[in-house]
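A.B. asks: Sharing a structure below in structure tokens format, with a few things to ask.
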Amino acid sequence: GVGKLLKSKGFDILISIMKRLIDDGLPVHLYILGSGPDENELKKLIASYHLEDDVDLLGYQLNPYKYVAKADLFVCASHAEGFSTAATEALIVGTPVVTTPVAGMEEMLGNNNEYGIITQMNEDSLYKNIKELIENKEKLSHYKKQAAIRGLFFSKENTVKAVEEMLSAIVNK
């Protein structure tokens with residue numbers, strides 16, 4: 001996960017899900033990139049679940065790409081979000097995305113989960129979808145390919161072309 005350490009980002013939910021996945025015997029590790037006012041609360045939660053060896057709070061990172069690109073999965077557990085730059089960055093580097101249904105995710109991942117998985121806004125739904133991808137390597141591989149395909153949509157060339165088309169439409173009105 002990547003973002004400011006705030007309650008609204010749902011990192012506490014991710015930590016709780018980690019506990020469940022580890023209790024299920026799954027080989028998982030959680031990296032959280034970011035800093036913020038809830039850091040101490042998250043550290044206490046990690047300690048209460050005895051997850052010190054399984055969850056790393058890496059703090060603010062100038063270049064989150066190098067971490068996200070090596071991850072098997074990017075999870076957005078936010079309760080509220082603008083258009084998620086972090087999820088976009090995950091797609092650009094080809095990392096599959098599982099997310100809550102916050103703003104912009106359908107446009108980014110498709111109305112029918114074509115490029116990533118949009119869950120319901122609750123811990124059980126996130127847990128179920130994350131667990132399914134961990135246990136189903138074919139499905140994880142599928143979404144890795146789809147993330148790479150969708151990441152091309154956010155290329156510099158496509159962005160420049162879209163801006164040029166918008167400016168052209170304004171000028172030609």
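All residue names refer to the structure tokens as shown: chains lettered A, B, ... in order, residues numbered from 1 in each chain, ligands numbered from 1 in order.
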DSSP on the backbone, strand (DSSP E or B) only: what residues of region 25-132 of chain A does that give? Format it as JSON, numbers by chain.

C.D. replies: {"A": [30, 31, 32, 33, 55, 56, 57, 58, 59, 74, 75, 76, 97, 98, 99, 117, 118]}

A.B. asks: If we count only C-alpha atoms and set the cut-off at 7 Å, which residues sit around Thr100 (chain A), ignoring sequence neighbours fewer than 5 positions away in its own chain? Please answer as a compact mmCIF listing (two decimals) with N, CA, C and O atoms, in the first residue's frame.

C.D. replies:
# COMPACT_ATOMS: atom_id res chain seq x y z
N CYS A 76 -5.47 -1.14 -2.57
CA CYS A 76 -5.99 0.15 -2.10
C CYS A 76 -7.20 -0.18 -1.23
O CYS A 76 -8.21 -0.66 -1.73
N ALA A 77 -7.07 0.08 0.07
CA ALA A 77 -8.15 -0.22 1.02
C ALA A 77 -8.86 1.06 1.47
O ALA A 77 -9.54 1.06 2.49
N SER A 78 -8.71 2.12 0.71
CA SER A 78 -9.24 3.43 1.10
C SER A 78 -10.76 3.44 1.24
O SER A 78 -11.47 2.77 0.51
N ILE A 118 -12.14 -4.70 -8.30
CA ILE A 118 -12.79 -3.72 -7.43
C ILE A 118 -13.70 -4.52 -6.50
O ILE A 118 -14.60 -5.22 -6.96
N THR A 119 -13.44 -4.43 -5.21
CA THR A 119 -14.21 -5.19 -4.22
C THR A 119 -15.31 -4.33 -3.63
O THR A 119 -15.41 -3.15 -3.92
N GLN A 120 -16.07 -4.92 -2.75
CA GLN A 120 -17.00 -4.13 -1.94
C GLN A 120 -16.19 -3.37 -0.90
O GLN A 120 -15.03 -3.67 -0.65
N MET A 121 -16.81 -2.39 -0.27
CA MET A 121 -16.13 -1.53 0.69
C MET A 121 -16.16 -2.16 2.08
O MET A 121 -16.77 -1.65 3.01

A.B. asks: May I have the residues within 9 Å of His29 (chain A) as a ChimeraX atom specification, using only C-alpha atoms and disregarding those fewer than 5 positions away in the same chain?

C.D. replies: /A:18,22,53-56

A.B. asks: Give me the residues near Ala80 (chain A) as a count of residues only, where near means some atom within 9 Å (using only C-alpha atoms) and where sequence neighbours in that chain fewer than 4 positions away do not count.

C.D. replies: 6

A.B. asks: Taking the chain letters and numbering used in this document, name the residues of region 56-128 of chain A that DSSP puts in alpha helix (DSSP H), as a list in words.

C.D. replies: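 Alpha helix (DSSP H) members of region 56-128 of chain A, listed: Tyr65, Lys66, Tyr67, Val68, Thr85, Ala86, Ala87, Thr88, Glu89, Ala90, Leu91, Ile92, Met105, Glu106, Glu107, Met108, Leu109, Glu123, Asp124, Ser125, Leu126, Tyr127 and Lys128 of chain A.
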
A.B. asks: If I take CA of Lys70 (chain A) and CA of Val2 (chain A), how far is one from the other in Å, to one decimal?

C.D. replies: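 For CA of Lys70 (chain A) relative to CA of Val2 (chain A), the distance reads 13.6 Å.
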